[in-house]
$ cat data.cif   # mmCIF, C-alpha atoms and all ligand atoms; chains and numbers go by the auth columns
data_model
loop_
_atom_site.group_PDB
_atom_site.id
_atom_site.type_symbol
_atom_site.label_atom_id
_atom_site.label_comp_id
_atom_site.label_asym_id
_atom_site.label_seq_id
_atom_site.Cartn_x
_atom_site.Cartn_y
_atom_site.Cartn_z
_atom_site.B_iso_or_equiv
_atom_site.auth_seq_id
_atom_site.auth_asym_id
ATOM 1 C CA MET A 1 0.000 0.000 0.000 0.00 1 F
ATOM 2 C CA THR A 2 1.466 3.342 -1.066 0.00 2 F
ATOM 3 C CA LYS A 3 0.077 6.468 0.551 0.00 3 F
ATOM 4 C CA LEU A 4 -0.666 9.568 -1.490 0.00 4 F
ATOM 5 C CA SER A 5 0.375 12.767 0.249 0.00 5 F
ATOM 6 C CA VAL A 6 -0.815 15.873 -1.584 0.00 6 F
ATOM 7 C CA ASN A 7 1.665 18.757 -1.660 0.00 7 F
ATOM 8 C CA ILE A 8 -0.375 21.956 -1.381 0.00 8 F
ATOM 9 C CA ASN A 9 2.415 24.477 -2.057 0.00 9 F
ATOM 10 C CA LYS A 10 0.806 25.488 -5.354 0.00 10 F
ATOM 11 C CA ILE A 11 -2.458 26.386 -3.630 0.00 11 F
ATOM 12 C CA ALA A 12 -0.506 28.846 -1.498 0.00 12 F
ATOM 13 C CA THR A 13 1.217 30.209 -4.618 0.00 13 F
ATOM 14 C CA LEU A 14 -2.174 30.944 -6.165 0.00 14 F
ATOM 15 C CA ARG A 15 -3.484 32.513 -2.957 0.00 15 F
ATOM 16 C CA ASN A 16 -0.422 34.716 -2.558 0.00 16 F
ATOM 17 C CA SER A 17 -0.698 36.001 -6.115 0.00 17 F
ATOM 18 C CA ARG A 18 -3.803 38.023 -5.127 0.00 18 F
ATOM 19 C CA GLY A 19 -2.895 38.832 -1.538 0.00 19 F
ATOM 20 C CA GLY A 20 -6.180 37.531 -0.090 0.00 20 F
ATOM 21 C CA ASP A 21 -7.271 34.135 1.123 0.00 21 F
ATOM 22 C CA VAL A 22 -8.566 32.501 -2.093 0.00 22 F
ATOM 23 C CA PRO A 23 -8.051 29.619 -2.370 0.00 23 F
ATOM 24 C CA ASN A 24 -7.905 28.879 1.329 0.00 24 F
ATOM 25 C CA VAL A 25 -4.993 26.572 2.044 0.00 25 F
ATOM 26 C CA VAL A 26 -6.469 24.991 5.166 0.00 26 F
ATOM 27 C CA GLN A 27 -9.803 24.337 3.449 0.00 27 F
ATOM 28 C CA PHE A 28 -7.972 22.767 0.533 0.00 28 F
ATOM 29 C CA ALA A 29 -6.098 20.465 2.902 0.00 29 F
ATOM 30 C CA LYS A 30 -9.385 19.457 4.526 0.00 30 F
ATOM 31 C CA ASP A 31 -10.898 18.757 1.121 0.00 31 F
ATOM 32 C CA VAL A 32 -8.054 16.657 -0.280 0.00 32 F
ATOM 33 C CA GLN A 33 -8.300 14.477 2.816 0.00 33 F
ATOM 34 C CA ARG A 34 -12.062 14.221 2.367 0.00 34 F
ATOM 35 C CA PHE A 35 -11.427 13.107 -1.225 0.00 35 F
ATOM 36 C CA GLY A 36 -9.133 10.322 -0.015 0.00 36 F
ATOM 37 C CA ALA A 37 -5.614 11.731 0.198 0.00 37 F
ATOM 38 C CA GLU A 38 -3.719 9.943 2.925 0.00 38 F
ATOM 39 C CA GLY A 39 -1.413 12.806 3.748 0.00 39 F
ATOM 40 C CA VAL A 40 -0.742 16.485 3.275 0.00 40 F
ATOM 41 C CA THR A 41 2.713 17.779 2.412 0.00 41 F
ATOM 42 C CA ILE A 42 4.005 21.317 2.625 0.00 42 F
ATOM 43 C CA HIS A 43 7.439 22.634 1.782 0.00 43 F
ATOM 44 C CA PRO A 44 7.773 26.114 3.285 0.00 44 F
ATOM 45 C CA ARG A 45 10.726 27.986 1.867 0.00 45 F
ATOM 46 C CA PRO A 46 12.704 30.659 3.723 0.00 46 F
ATOM 47 C CA ASP A 47 11.228 33.460 1.579 0.00 47 F
ATOM 48 C CA GLU A 48 7.680 32.112 2.257 0.00 48 F
ATOM 49 C CA ARG A 49 6.828 32.603 -1.395 0.00 49 F
ATOM 50 C CA HIS A 50 4.155 29.956 -1.205 0.00 50 F
ATOM 51 C CA ILE A 51 3.477 28.155 2.068 0.00 51 F
ATOM 52 C CA ARG A 52 4.039 30.542 4.973 0.00 52 F
ATOM 53 C CA TYR A 53 5.245 29.440 8.357 0.00 53 F
ATOM 54 C CA GLN A 54 1.868 30.555 9.755 0.00 54 F
ATOM 55 C CA ASP A 55 0.154 28.133 7.317 0.00 55 F
ATOM 56 C CA ALA A 56 2.212 25.311 8.755 0.00 56 F
ATOM 57 C CA TYR A 57 0.858 26.097 12.230 0.00 57 F
ATOM 58 C CA ASP A 58 -2.713 26.602 10.988 0.00 58 F
ATOM 59 C CA LEU A 59 -2.700 23.256 9.177 0.00 59 F
ATOM 60 C CA LYS A 60 -1.697 21.332 12.290 0.00 60 F
ATOM 61 C CA ALA A 61 -5.258 21.291 13.665 0.00 61 F
ATOM 62 C CA GLU A 62 -6.836 20.167 10.380 0.00 62 F
ATOM 63 C CA VAL A 63 -4.478 17.526 9.028 0.00 63 F
ATOM 64 C CA TYR A 64 -5.787 14.303 10.505 0.00 64 F
ATOM 65 C CA THR A 65 -3.977 12.100 7.993 0.00 65 F
ATOM 66 C CA GLU A 66 -0.173 12.169 7.754 0.00 66 F
ATOM 67 C CA TYR A 67 1.291 15.651 8.041 0.00 67 F
ATOM 68 C CA ASN A 68 4.623 15.877 6.208 0.00 68 F
ATOM 69 C CA ILE A 69 6.715 19.043 6.405 0.00 69 F
ATOM 70 C CA GLU A 70 9.628 19.307 4.001 0.00 70 F
ATOM 71 C CA GLY A 71 12.541 21.697 4.029 0.00 71 F
ATOM 72 C CA ASN A 72 16.134 22.515 4.715 0.00 72 F
ATOM 73 C CA PRO A 73 16.732 22.206 8.482 0.00 73 F
ATOM 74 C CA ILE A 74 17.905 25.750 9.081 0.00 74 F
ATOM 75 C CA PRO A 75 17.277 26.920 12.704 0.00 75 F
ATOM 76 C CA LYS A 76 13.965 28.667 11.870 0.00 76 F
ATOM 77 C CA PHE A 77 12.655 25.528 10.134 0.00 77 F
ATOM 78 C CA MET A 78 13.778 23.226 12.933 0.00 78 F
ATOM 79 C CA ASP A 79 12.157 25.405 15.541 0.00 79 F
ATOM 80 C CA MET A 80 8.847 25.368 13.656 0.00 80 F
ATOM 81 C CA VAL A 81 8.846 21.598 13.077 0.00 81 F
ATOM 82 C CA LEU A 82 9.713 20.891 16.710 0.00 82 F
ATOM 83 C CA LYS A 83 6.796 23.073 17.820 0.00 83 F
ATOM 84 C CA ILE A 84 4.285 21.552 15.379 0.00 84 F
ATOM 85 C CA LYS A 85 5.415 17.939 15.710 0.00 85 F
ATOM 86 C CA PRO A 86 4.056 16.671 12.349 0.00 86 F
ATOM 87 C CA THR A 87 3.925 12.985 11.501 0.00 87 F
ATOM 88 C CA GLN A 88 7.042 13.295 9.373 0.00 88 F
ATOM 89 C CA VAL A 89 9.749 15.779 8.535 0.00 89 F
ATOM 90 C CA THR A 90 11.508 15.414 5.192 0.00 90 F
ATOM 91 C CA LEU A 91 14.913 17.048 5.038 0.00 91 F
ATOM 92 C CA VAL A 92 15.757 18.629 1.681 0.00 92 F
ATOM 93 C CA PRO A 93 19.096 20.389 0.994 0.00 93 F
ATOM 94 C CA ASP A 94 17.650 23.407 -0.817 0.00 94 F
ATOM 95 C CA SER A 95 19.651 26.530 -1.343 0.00 95 F
ATOM 96 C CA VAL A 96 17.778 29.631 -0.210 0.00 96 F
ATOM 97 C CA ASP A 97 17.181 30.829 -3.764 0.00 97 F
ATOM 98 C CA ALA A 98 16.274 27.445 -5.312 0.00 98 F
ATOM 99 C CA LEU A 99 13.323 27.655 -7.710 0.00 99 F
ATOM 100 C CA THR A 100 12.386 24.160 -6.592 0.00 100 F
ATOM 101 C CA SER A 101 14.260 21.205 -5.100 0.00 101 F
ATOM 102 C CA ASN A 102 16.997 20.165 -7.475 0.00 102 F
ATOM 103 C CA ALA A 103 19.235 17.663 -5.649 0.00 103 F
ATOM 104 C CA GLY A 104 19.283 15.128 -2.861 0.00 104 F
ATOM 105 C CA TRP A 105 21.570 15.192 0.174 0.00 105 F
ATOM 106 C CA ASP A 106 25.157 14.167 0.002 0.00 106 F
ATOM 107 C CA THR A 107 24.611 11.833 2.935 0.00 107 F
ATOM 108 C CA LEU A 108 28.323 10.995 3.196 0.00 108 F
ATOM 109 C CA LYS A 109 29.598 14.558 3.283 0.00 109 F
ATOM 110 C CA HIS A 110 26.848 15.817 5.601 0.00 110 F
ATOM 111 C CA LYS A 111 26.596 12.727 7.781 0.00 111 F
ATOM 112 C CA ASP A 112 27.456 14.402 11.121 0.00 112 F
ATOM 113 C CA PHE A 113 24.979 17.222 10.537 0.00 113 F
ATOM 114 C CA LEU A 114 22.222 14.830 9.480 0.00 114 F
ATOM 115 C CA VAL A 115 22.825 12.493 12.427 0.00 115 F
ATOM 116 C CA GLU A 116 22.457 15.391 14.854 0.00 116 F
ATOM 117 C CA VAL A 117 19.341 16.876 13.246 0.00 117 F
ATOM 118 C CA ILE A 118 17.626 13.537 12.758 0.00 118 F
ATOM 119 C CA GLN A 119 18.249 12.555 16.365 0.00 119 F
ATOM 120 C CA GLU A 120 16.653 15.764 17.551 0.00 120 F
ATOM 121 C CA PHE A 121 13.515 15.177 15.490 0.00 121 F
ATOM 122 C CA LYS A 122 13.305 11.524 16.520 0.00 122 F
ATOM 123 C CA ASN A 123 13.713 12.480 20.194 0.00 123 F
ATOM 124 C CA ASN A 124 10.586 14.557 19.681 0.00 124 F
ATOM 125 C CA GLY A 125 8.610 11.688 18.203 0.00 125 F
ATOM 126 C CA ILE A 126 8.752 12.935 14.613 0.00 126 F
ATOM 127 C CA ARG A 127 9.401 10.409 11.835 0.00 127 F
ATOM 128 C CA THR A 128 12.280 11.455 9.616 0.00 128 F
ATOM 129 C CA SER A 129 12.920 11.136 5.902 0.00 129 F
ATOM 130 C CA ILE A 130 15.759 12.530 3.822 0.00 130 F
ATOM 131 C CA PHE A 131 15.601 13.511 0.170 0.00 131 F
ATOM 132 C CA VAL A 132 18.198 11.572 -1.843 0.00 132 F
ATOM 133 C CA ASP A 133 19.267 10.998 -5.421 0.00 133 F
ATOM 134 C CA PRO A 134 18.943 7.400 -6.677 0.00 134 F
ATOM 135 C CA ASP A 135 22.525 6.482 -5.859 0.00 135 F
ATOM 136 C CA LEU A 136 23.443 3.367 -3.882 0.00 136 F
ATOM 137 C CA HIS A 137 26.217 5.138 -1.948 0.00 137 F
ATOM 138 C CA GLN A 138 23.782 7.805 -0.863 0.00 138 F
ATOM 139 C CA ILE A 139 21.302 5.175 0.323 0.00 139 F
ATOM 140 C CA GLU A 140 24.013 3.490 2.396 0.00 140 F
ATOM 141 C CA GLY A 141 24.984 6.901 3.749 0.00 141 F
ATOM 142 C CA ALA A 142 21.355 7.631 4.580 0.00 142 F
ATOM 143 C CA LYS A 143 21.178 4.498 6.692 0.00 143 F
ATOM 144 C CA GLU A 144 24.152 5.758 8.704 0.00 144 F
ATOM 145 C CA THR A 145 22.306 8.963 9.593 0.00 145 F
ATOM 146 C CA GLY A 146 19.655 7.061 11.555 0.00 146 F
ATOM 147 C CA THR A 147 16.777 8.311 9.401 0.00 147 F
ATOM 148 C CA ASP A 148 13.576 6.259 9.326 0.00 148 F
ATOM 149 C CA ARG A 149 13.001 6.770 5.615 0.00 149 F
ATOM 150 C CA ILE A 150 14.435 8.161 2.428 0.00 150 F
ATOM 151 C CA GLU A 151 12.553 10.136 -0.192 0.00 151 F
ATOM 152 C CA LEU A 152 13.809 9.192 -3.650 0.00 152 F
ATOM 153 C CA TYR A 153 14.158 12.326 -5.805 0.00 153 F
ATOM 154 C CA THR A 154 12.185 11.310 -8.881 0.00 154 F
ATOM 155 C CA GLU A 155 12.827 14.219 -11.263 0.00 155 F
ATOM 156 C CA ALA A 156 15.248 12.158 -13.388 0.00 156 F
ATOM 157 C CA TYR A 157 12.805 9.252 -13.601 0.00 157 F
ATOM 158 C CA ALA A 158 9.955 11.559 -14.624 0.00 158 F
ATOM 159 C CA HIS A 159 12.102 13.224 -17.274 0.00 159 F
ATOM 160 C CA GLN A 160 13.242 9.928 -18.783 0.00 160 F
ATOM 161 C CA TYR A 161 9.731 8.465 -18.706 0.00 161 F
ATOM 162 C CA HIS A 162 8.441 11.516 -20.565 0.00 162 F
ATOM 163 C CA LEU A 163 11.097 10.909 -23.228 0.00 163 F
ATOM 164 C CA GLY A 164 9.921 7.310 -23.536 0.00 164 F
ATOM 165 C CA ASN A 165 12.917 5.818 -21.693 0.00 165 F
ATOM 166 C CA LYS A 166 11.394 3.380 -19.261 0.00 166 F
ATOM 167 C CA ASN A 167 14.825 2.205 -18.132 0.00 167 F
ATOM 168 C CA GLY A 168 15.104 5.504 -16.251 0.00 168 F
ATOM 169 C CA ILE A 169 13.475 3.502 -13.456 0.00 169 F
ATOM 170 C CA ASP A 170 16.460 1.152 -13.103 0.00 170 F
ATOM 171 C CA PRO A 171 18.542 3.112 -10.548 0.00 171 F
ATOM 172 C CA TYR A 172 15.395 3.622 -8.467 0.00 172 F
ATOM 173 C CA VAL A 173 14.684 -0.110 -8.405 0.00 173 F
ATOM 174 C CA SER A 174 18.245 -0.849 -7.276 0.00 174 F
ATOM 175 C CA CYS A 175 18.049 1.803 -4.558 0.00 175 F
ATOM 176 C CA ALA A 176 14.680 0.532 -3.374 0.00 176 F
ATOM 177 C CA GLU A 177 15.982 -3.032 -3.173 0.00 177 F
ATOM 178 C CA LEU A 178 18.948 -1.853 -1.132 0.00 178 F
ATOM 179 C CA ALA A 179 16.784 0.318 1.119 0.00 179 F
ATOM 180 C CA ASN A 180 14.417 -2.576 1.769 0.00 180 F
ATOM 181 C CA SER A 181 17.335 -4.876 2.614 0.00 181 F
ATOM 182 C CA ILE A 182 18.676 -2.446 5.249 0.00 182 F
ATOM 183 C CA ASN A 183 15.265 -1.574 6.683 0.00 183 F
ATOM 184 C CA LEU A 184 14.984 1.977 5.389 0.00 184 F
ATOM 185 C CA GLY A 185 11.448 3.060 4.525 0.00 185 F
ATOM 186 C CA ILE A 186 10.926 4.403 1.007 0.00 186 F
ATOM 187 C CA ASN A 187 9.069 7.555 -0.008 0.00 187 F
ATOM 188 C CA ALA A 188 9.359 9.260 -3.372 0.00 188 F
ATOM 189 C CA GLY A 189 8.556 12.574 -4.966 0.00 189 F
ATOM 190 C CA HIS A 190 9.179 15.338 -7.462 0.00 190 F
ATOM 191 C CA ASP A 191 7.517 15.561 -10.848 0.00 191 F
ATOM 192 C CA LEU A 192 5.442 12.439 -10.329 0.00 192 F
ATOM 193 C CA SER A 193 2.233 12.701 -12.337 0.00 193 F
ATOM 194 C CA LEU A 194 -0.822 10.828 -13.602 0.00 194 F
ATOM 195 C CA ASP A 195 1.305 9.895 -16.587 0.00 195 F
ATOM 196 C CA ASN A 196 4.237 8.282 -14.756 0.00 196 F
ATOM 197 C CA ILE A 197 2.904 7.209 -11.348 0.00 197 F
ATOM 198 C CA LYS A 198 1.547 3.775 -12.254 0.00 198 F
ATOM 199 C CA PHE A 199 4.784 2.518 -13.801 0.00 199 F
ATOM 200 C CA PHE A 200 6.768 3.857 -10.833 0.00 200 F
ATOM 201 C CA LYS A 201 4.488 2.188 -8.290 0.00 201 F
ATOM 202 C CA GLU A 202 4.518 -1.114 -10.185 0.00 202 F
ATOM 203 C CA ASN A 203 8.311 -1.254 -10.234 0.00 203 F
ATOM 204 C CA ILE A 204 9.409 0.073 -6.860 0.00 204 F
ATOM 205 C CA PRO A 205 9.199 -2.572 -4.144 0.00 205 F
ATOM 206 C CA GLY A 206 8.103 -1.337 -0.739 0.00 206 F
ATOM 207 C CA LEU A 207 7.066 2.159 -1.819 0.00 207 F
ATOM 208 C CA LEU A 208 5.423 3.608 1.301 0.00 208 F
ATOM 209 C CA GLU A 209 4.452 7.107 0.246 0.00 209 F
ATOM 210 C CA VAL A 210 4.532 9.532 -2.653 0.00 210 F
ATOM 211 C CA SER A 211 4.159 13.284 -2.262 0.00 211 F
ATOM 212 C CA ILE A 212 2.793 14.995 -5.353 0.00 212 F
ATOM 213 C CA GLY A 213 2.016 18.646 -5.914 0.00 213 F
ATOM 214 C CA HIS A 214 2.897 20.424 -9.134 0.00 214 F
ATOM 215 C CA ALA A 215 1.453 17.920 -11.604 0.00 215 F
ATOM 216 C CA LEU A 216 -1.504 17.033 -9.414 0.00 216 F
ATOM 217 C CA ILE A 217 -2.638 20.650 -9.212 0.00 217 F
ATOM 218 C CA ALA A 218 -2.090 21.241 -12.941 0.00 218 F
ATOM 219 C CA GLU A 219 -4.011 18.053 -13.764 0.00 219 F
ATOM 220 C CA SER A 220 -6.825 19.120 -11.445 0.00 220 F
ATOM 221 C CA LEU A 221 -7.166 22.365 -13.401 0.00 221 F
ATOM 222 C CA TYR A 222 -7.462 20.526 -16.674 0.00 222 F
ATOM 223 C CA LEU A 223 -9.825 17.885 -15.354 0.00 223 F
ATOM 224 C CA GLY A 224 -12.014 20.536 -13.720 0.00 224 F
ATOM 225 C CA VAL A 225 -12.061 23.368 -16.221 0.00 225 F
ATOM 226 C CA GLU A 226 -14.849 21.942 -18.394 0.00 226 F
ATOM 227 C CA THR A 227 -17.209 21.690 -15.430 0.00 227 F
ATOM 228 C CA VAL A 228 -16.421 25.186 -14.249 0.00 228 F
ATOM 229 C CA ILE A 229 -16.885 26.795 -17.663 0.00 229 F
ATOM 230 C CA GLY A 230 -20.223 25.003 -17.962 0.00 230 F
ATOM 231 C CA ARG A 231 -21.297 26.501 -14.633 0.00 231 F
ATOM 232 C CA TYR A 232 -20.350 30.010 -15.698 0.00 232 F
ATOM 233 C CA LEU A 233 -22.304 29.595 -18.905 0.00 233 F
ATOM 234 C CA GLU A 234 -25.288 28.446 -16.817 0.00 234 F
ATOM 235 C CA GLY A 235 -24.963 31.550 -14.674 0.00 235 F
ATOM 236 C CA LEU A 236 -24.804 33.770 -17.732 0.00 236 F
ATOM 237 C CA LYS A 237 -27.926 32.417 -19.427 0.00 237 F
HETATM 238 C C1 LIG B . 11.226 17.906 -2.167 0.00 1 V
HETATM 239 C C2 LIG B . 10.433 18.104 -3.363 0.00 1 V
HETATM 240 O O1 LIG B . 10.722 17.608 -4.415 0.00 1 V
HETATM 241 C C3 LIG B . 9.214 18.936 -3.304 0.00 1 V
HETATM 242 O O2 LIG B . 8.896 19.347 -2.037 0.00 1 V
HETATM 243 C C4 LIG B . 9.353 20.128 -4.128 0.00 1 V
HETATM 244 O O3 LIG B . 10.558 20.710 -3.782 0.00 1 V
HETATM 245 C C5 LIG B . 8.203 21.082 -3.984 0.00 1 V
HETATM 246 O O4 LIG B . 8.651 22.357 -3.691 0.00 1 V
HETATM 247 P P1 LIG B . 8.151 23.589 -4.565 0.00 1 V
HETATM 248 O O5 LIG B . 6.660 23.571 -4.528 0.00 1 V
HETATM 249 O O6 LIG B . 8.729 24.780 -3.868 0.00 1 V
HETATM 250 O O7 LIG B . 8.673 23.391 -5.953 0.00 1 V
HETATM 251 N N1 LIG B . 8.328 15.732 -2.102 0.00 2 V
HETATM 252 C C1 LIG B . 7.847 16.028 -3.394 0.00 2 V
HETATM 253 C C2 LIG B . 6.656 16.879 -3.311 0.00 2 V
HETATM 254 O O1 LIG B . 6.161 17.173 -2.247 0.00 2 V
HETATM 255 C C3 LIG B . 5.995 17.367 -4.516 0.00 2 V
HETATM 256 O O2 LIG B . 6.847 17.547 -5.600 0.00 2 V
HETATM 257 P P1 LIG B . 6.129 18.003 -6.969 0.00 2 V
HETATM 258 O O3 LIG B . 5.040 17.009 -7.279 0.00 2 V
HETATM 259 O O4 LIG B . 5.544 19.375 -6.724 0.00 2 V
HETATM 260 O O5 LIG B . 7.220 17.997 -7.997 0.00 2 V
#
$ encode --input "data.cif" --output "structure tokens"
Amino acid sequence: MTKLSVNINKIATLRNSRGGDVPNVVQFAKDVQRFGAEGVTIHPRPDERHIRYQDAYDLKAEVYTEYNIEGNPIPKFMDMVLKIKPTQVTLVPDSVDALTSNAGWDTLKHKDFLVEVIQEFKNNGIRTSIFVDPDLHQIEGAKETGTDRIELYTEAYAHQYHLGNKNGIDPYVSCAELANSINLGINAGHDLSLDNIKFFKENIPGLLEVSIGHALIAESLYLGVETVIGRYLEGLK
């Protein structure tokens, strides 16, 4: 069973573009859970360009499925996560100005830092996951950090799948097999979509959770726009 955690960053992006509260991020989180999502993911960035730190606090009361907060564990982020105590924290090595996440951790180089941060979250009862490239050395390094799970960075898979190269899955299968053999839980995310999710799920053994935002929101627009235009036309009759 693989859980679907819906990343609602894009809802905050849309809200922020008008300065008001439409769409309402908390209401959206309540609705995706009502529609069956098994988790809600947010990835607040230091400039708060989409999800704001206040959103992270406001969501705490309404996320009754798995609450996953992603981000680079800078002091401000750590402080927030330790106060909120979500189900899971996913550590992502973003630079401050990153447009979106673009690399996994170097778990060998940053081992001491990761060990310390992960221990602090685990001491507070928060499950930990670290964002990693599909590289066997990085998976072994992740195990050494004490993390409960890894999140496989799936951008490369999604790109190759889009080009028609199904063997782009191969490094992910190898990493998943290794992770399973050393008792590391497996999550995955980034650029997963309706197009590529089924093949990924079918080939990755032990996939516990996927977090999906960008494509899921774009697909929702396309799948909903016909209905909404019909309703406007009704209203304009
Ligand atoms: C870790 C990851 O792949 C996602 O959290 C992604 O970074 C979403 O963040 P943005 O919505 O800021 O692109
Ligand atoms: N952890 C990945 C995530 O939350 C969503 O990534 P994307 O679907 O917006 O690329």
$ closest_residue --input "data.cif" --among "F:Gly230, F:Gly213, F:Gly125, F:Gly206" --to "ligand LIG 2 (chain V)" --atoms "all atoms listed in the file"
F:Gly213
$ closest_atom_pairs --input "data.cif" --of "range 152-182 of chain F" --to "range 186-196 of chain F" --cutoff "9 Å" --atoms "only C-alpha atoms" --output "Markdown table"
| residue | atom | partner | partner_atom | distance |
| --- | --- | --- | --- | --- |
| F:Leu152 | CA | F:Ala188 | CA | 4.5 |
| F:Tyr153 | CA | F:Gly189 | CA | 5.7 |
| F:Thr154 | CA | F:His190 | CA | 5.2 |
| F:Glu155 | CA | F:His190 | CA | 5.4 |
| F:Ala156 | CA | F:Asp191 | CA | 8.8 |
| F:Tyr157 | CA | F:Leu192 | CA | 8.7 |
| F:Ala158 | CA | F:Asp191 | CA | 6.0 |
| F:His159 | CA | F:Asp191 | CA | 8.2 |
| F:Tyr161 | CA | F:Asn196 | CA | 6.8 |
| F:His162 | CA | F:Asn196 | CA | 7.9 |
| F:Ala176 | CA | F:Ile186 | CA | 6.9 |
| F:Ala179 | CA | F:Ile186 | CA | 7.1 |
| F:Asn180 | CA | F:Ile186 | CA | 7.8 |
$ residues_near_ligand --input "data.cif" --ligand "ligand LIG 1 (chain V)" --cutoff "7 Å" --atoms "all atoms listed in the file" --output "MDAnalysis selection string"
chainID F and resid 9:10 43 45 70 92 99:101 131 153 189:190 213:214
$ axis_aligned_box --input "data.cif" --around "range 107-110 of chain F" --padding-each-side "5 Å" --output "JSON"
{"center_x": 27.1, "center_y": 13.4, "center_z": 4.3, "size_x": 15.0, "size_y": 14.8, "size_z": 12.7}
$ resolve_selection --input "data.cif" --expression "the PyMOL selection byres (((chain F and resi 25) around 8) and not hetatm)" --output "PyMOL selection string"
chain F and resi 8+11-12+15+21+23-24+26-29+55
$ atom_distance --input "data.cif" --atom1 "CA of Leu4 in chain F" --atom2 "CA of Gly36 in chain F"
8.6 Å
$ resolve_selection --input "data.cif" --expression "the PyMOL selection byres (((chain F and resi 128) around 8) and not hetatm)" --output "PyMOL selection string"
chain F and resi 88-91+118+121-122+126-127+129-130+147-149
$ build_atoms --input "data.cif" --residues "range 41-55 of chain F" --atoms "N, CA and C atoms" --output "short mmCIF file (atom, residue, chain, number, x, y, z; two decimals), keeping the file's coordinate frame"
data_model
loop_
_atom_site.label_atom_id
_atom_site.label_comp_id
_atom_site.auth_asym_id
_atom_site.auth_seq_id
_atom_site.Cartn_x
_atom_site.Cartn_y
_atom_site.Cartn_z
N THR F 41 1.32 17.34 2.37
CA THR F 41 2.71 17.78 2.41
C THR F 41 2.79 19.27 2.17
N ILE F 42 3.67 19.92 2.92
CA ILE F 42 4.00 21.32 2.62
C ILE F 42 5.52 21.44 2.61
N HIS F 43 5.99 22.40 1.86
CA HIS F 43 7.44 22.63 1.78
C HIS F 43 7.66 24.13 1.90
N PRO F 44 7.56 24.67 3.13
CA PRO F 44 7.77 26.11 3.28
C PRO F 44 9.22 26.47 2.96
N ARG F 45 9.37 27.54 2.21
CA ARG F 45 10.73 27.99 1.87
C ARG F 45 11.04 29.25 2.65
N PRO F 46 12.34 29.53 2.85
CA PRO F 46 12.70 30.66 3.72
C PRO F 46 12.06 31.98 3.31
N ASP F 47 11.84 32.19 2.00
CA ASP F 47 11.23 33.46 1.58
C ASP F 47 9.70 33.42 1.66
N GLU F 48 9.14 32.29 2.08
CA GLU F 48 7.68 32.11 2.26
C GLU F 48 6.92 32.51 1.00
N ARG F 49 7.49 32.19 -0.16
CA ARG F 49 6.83 32.60 -1.40
C ARG F 49 5.57 31.81 -1.68
N HIS F 50 5.46 30.64 -1.09
CA HIS F 50 4.16 29.96 -1.20
C HIS F 50 3.63 29.61 0.19
N ILE F 51 3.92 28.46 0.70
CA ILE F 51 3.48 28.16 2.07
C ILE F 51 4.21 29.07 3.05
N ARG F 52 3.43 29.70 3.94
CA ARG F 52 4.04 30.54 4.97
C ARG F 52 4.19 29.72 6.26
N TYR F 53 5.09 30.16 7.09
CA TYR F 53 5.24 29.44 8.36
C TYR F 53 3.92 29.43 9.12
N GLN F 54 3.16 30.53 9.05
CA GLN F 54 1.87 30.56 9.76
C GLN F 54 0.92 29.48 9.21
N ASP F 55 0.98 29.22 7.89
CA ASP F 55 0.15 28.13 7.32
C ASP F 55 0.50 26.80 7.97
#
